[in-house]
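Student: Following this message is one structure expressed as structure tokens.
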Amino acid sequence: MPDIPGPLALYIHIPFCRKKCSYCDFFSLAGASGDLIARTLDSTIRELSFMIDRFHPDFDTVYVGGGTPSSVSREVFSAFMTALASALPRTPREFTVEANPETVDGWFLDSIAQAGARRISLGIQTLRDDVLKTVGRLGNRAATMAALDLIRGRWKGDLSVDLIAGFPGQSGKVLTEDLDTVLGYSPGHVSLYSLTVEEGTPLEKSVRNGSIRMPDGDEQDEVWLTGREFLMARGYVQYEVSNFALPGKECRHNRHYWDLDPYIGIGPGGVSTLPGITHGPEGFFPQTGAARDRTGTTAETGDSGALGALGAVRIVNTSNVERFCSDENFGMLFEAIQPADFMFEHFMMGLRTREGLGRDRYRSRFGSEPESYNPATVEKWKRKGMVESTPDALRMTDSGFLFLNEFLVELLPD
Ligand code: SF4
């Protein structure tokens, strides 16, 4: 199997939380037994070795996320971080661990620092106890303030914080008060997401039966825009739809996703995207013998395992944790991403960033300019002043940024 060219991002999914927040549709399990958590993390390290053996990756960034990595017991987490540190071929340029405030303590900070982490991403979401309660999220303002104090006193690395706009009952004033308090701890990076009511979540049920009233789209946008203005006035640059950073503090790891540069995701539900790989599973996993395209159709590979001209290969791990632990291939599904689909993914991801969809990368992957994907639509949006072509990129303008989804819908060929 060929080495994957260039630096990669490594994402490690720890799919365990103490309690499920009512709005969450991420893959995470609440209340798993200590034994299952230990076996899963053990298998995750085995999967890392499996990937390293096959691809000899050069990891530029490592991100341990979830779920709630900081909710894992000390003994298991410590063994996991030690194994991770020794499995990594070299010290990555950026190494982040996610944590929730109520599970951060001095031991946790020391243990991730010892394993090489230099960036902590703290899921604050809101400092309002009543709002946390409404959405069934653990933690409270006191615990968050204690975690921030501890981090500021003890943590030598970077700090990123996540907040959410558009919670029920949250005004722009409430959000900016929270931001003001949190910015007092000088995070280099702030993610400000909009709350969405995802189908099948307890929050959706509460909204449907009328027990929770969500702000409408305009109210939500107003709160989020108030937050954006507040951050920008304090020197944070919006470099992506939901992400703000002080100069030099942008998240390197996410950049890999937005640029669709190769990344490997391990752990249950982990997803890897490997552009430019042109060999099917026989080269990877002799047991599988066939590849699925995006429609789910099974495409047999030839003797050599070659799939012909591919956009990329995507590997999706099973979300069944027991299967992940027992299957020798971690329940991986192998998808062949066709070039046309992969092109559209470049628009979806690249246009999220302020820099836009980079011309050089697109040209080197597809042999054409981004504008040629759908010239009529691009031209129309350029005339509206919402999209612009620069020598380096195709990108959304300041006013166009807010209409990215509408642009993407129009961009898709009929
Ligand atoms: S802590 Fe995060 S991953 Fe866990 S349930 Fe809440 S939102 Fe989901």
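Convention: chains lettered A, B, ... in structure tokens order; per-chain residue numbering from 1; ligands numbered from 1 as shown.
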Would you list the residues that come within 9 Å of ligand 1? Count only C-alpha atoms and all ligand atoms and give the answer as a list in words.

Tutor: Pro15, Phe16, Cys17, Arg18, Lys19, Lys20, Cys21, Ser22, Tyr23, Cys24, Asp25, Phe26, Phe27, Ser28, Leu29, Ala30, Gly65, Gly66, Gly67, Thr68, Ala99, Asn100, Gly123, Gly136, Arg137 and Leu138 of chain A

Student: Would you pick out the contacts of Ile14 (chain A) at 12 Å or less, using only C-alpha atoms, so that residues sharing its chain but fewer than 6 positions from it are not included, and give the list as a PyMOL selection string?

Tutor: chain A and resi 26-30+32+36-45+63-72+76-77+80-81+97-99+265-270+319+321

Student: Go ahead and save the residues from that selection, with C-alpha atoms, as a PDB file, in the first residue's frame.

Tutor:
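Result went into selection_35.pdb, see below:
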ATOM      1  CA  PHE A  26     -23.342  13.363  17.451  1.00  0.00           C
ATOM      2  CA  PHE A  27     -22.453   9.752  17.849  1.00  0.00           C
ATOM      3  CA  SER A  28     -21.926   9.411  21.588  1.00  0.00           C
ATOM      4  CA  LEU A  29     -23.164   7.009  24.235  1.00  0.00           C
ATOM      5  CA  ALA A  30     -24.132   7.888  27.774  1.00  0.00           C
ATOM      6  CA  ALA A  32     -21.455   2.926  28.991  1.00  0.00           C
ATOM      7  CA  LEU A  36     -16.766  -1.232  27.368  1.00  0.00           C
ATOM      8  CA  ILE A  37     -14.971   2.130  27.498  1.00  0.00           C
ATOM      9  CA  ALA A  38     -11.653   0.413  28.280  1.00  0.00           C
ATOM     10  CA  ARG A  39     -12.064  -2.114  25.457  1.00  0.00           C
ATOM     11  CA  THR A  40     -13.039   0.600  22.991  1.00  0.00           C
ATOM     12  CA  LEU A  41     -10.010   2.745  23.753  1.00  0.00           C
ATOM     13  CA  ASP A  42      -7.828  -0.315  23.551  1.00  0.00           C
ATOM     14  CA  SER A  43      -9.235  -1.166  20.116  1.00  0.00           C
ATOM     15  CA  THR A  44      -8.809   2.448  19.044  1.00  0.00           C
ATOM     16  CA  ILE A  45      -5.085   2.213  19.726  1.00  0.00           C
ATOM     17  CA  TYR A  63      -7.373  15.877  17.696  1.00  0.00           C
ATOM     18  CA  VAL A  64      -8.873  13.769  20.476  1.00  0.00           C
ATOM     19  CA  GLY A  65     -12.600  14.525  20.463  1.00  0.00           C
ATOM     20  CA  GLY A  66     -15.931  13.000  21.243  1.00  0.00           C
ATOM     21  CA  GLY A  67     -18.126  12.540  23.087  1.00  0.00           C
ATOM     22  CA  THR A  68     -16.357  13.763  26.151  1.00  0.00           C
ATOM     23  CA  PRO A  69     -12.757  12.509  26.368  1.00  0.00           C
ATOM     24  CA  SER A  70     -12.394  14.119  29.792  1.00  0.00           C
ATOM     25  CA  SER A  71     -15.239  11.961  31.169  1.00  0.00           C
ATOM     26  CA  VAL A  72     -13.248   8.727  30.879  1.00  0.00           C
ATOM     27  CA  VAL A  76      -8.277   4.139  31.345  1.00  0.00           C
ATOM     28  CA  PHE A  77      -7.642   7.626  30.015  1.00  0.00           C
ATOM     29  CA  PHE A  80      -4.877   5.517  26.430  1.00  0.00           C
ATOM     30  CA  MET A  81      -2.939   8.788  26.276  1.00  0.00           C
ATOM     31  CA  VAL A  97      -7.886  17.369  23.373  1.00  0.00           C
ATOM     32  CA  GLU A  98     -11.553  18.213  23.916  1.00  0.00           C
ATOM     33  CA  ALA A  99     -12.946  18.550  27.404  1.00  0.00           C
ATOM     34  CA  GLY A 265     -10.459   9.233  11.742  1.00  0.00           C
ATOM     35  CA  ILE A 266     -10.229   6.367  14.183  1.00  0.00           C
ATOM     36  CA  GLY A 267     -12.479   5.015  16.908  1.00  0.00           C
ATOM     37  CA  PRO A 268     -16.132   3.981  16.526  1.00  0.00           C
ATOM     38  CA  GLY A 269     -17.814   6.064  13.819  1.00  0.00           C
ATOM     39  CA  GLY A 270     -14.441   7.470  12.707  1.00  0.00           C
ATOM     40  CA  SER A 319     -20.687   2.987  15.083  1.00  0.00           C
ATOM     41  CA  VAL A 321     -19.032  -0.191  19.602  1.00  0.00           C
TER      42      VAL A 321
END

Student: Run DSSP on the backbone of this structure and report the residues of region 37-90 of chain A it assigns to alpha helix (DSSP H), as a PyMOL selection string.

Tutor: chain A and resi 37-55+74-87

Student: Name the closest residue to Tyr373 (chain A) among the candidates A:Glu345, A:Asp58, A:Asp216, A:Glu240; distances are taken between atoms, counting only C-alpha atoms.

Tutor: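 Closest residue, counting only C-alpha atoms: A:Glu345.
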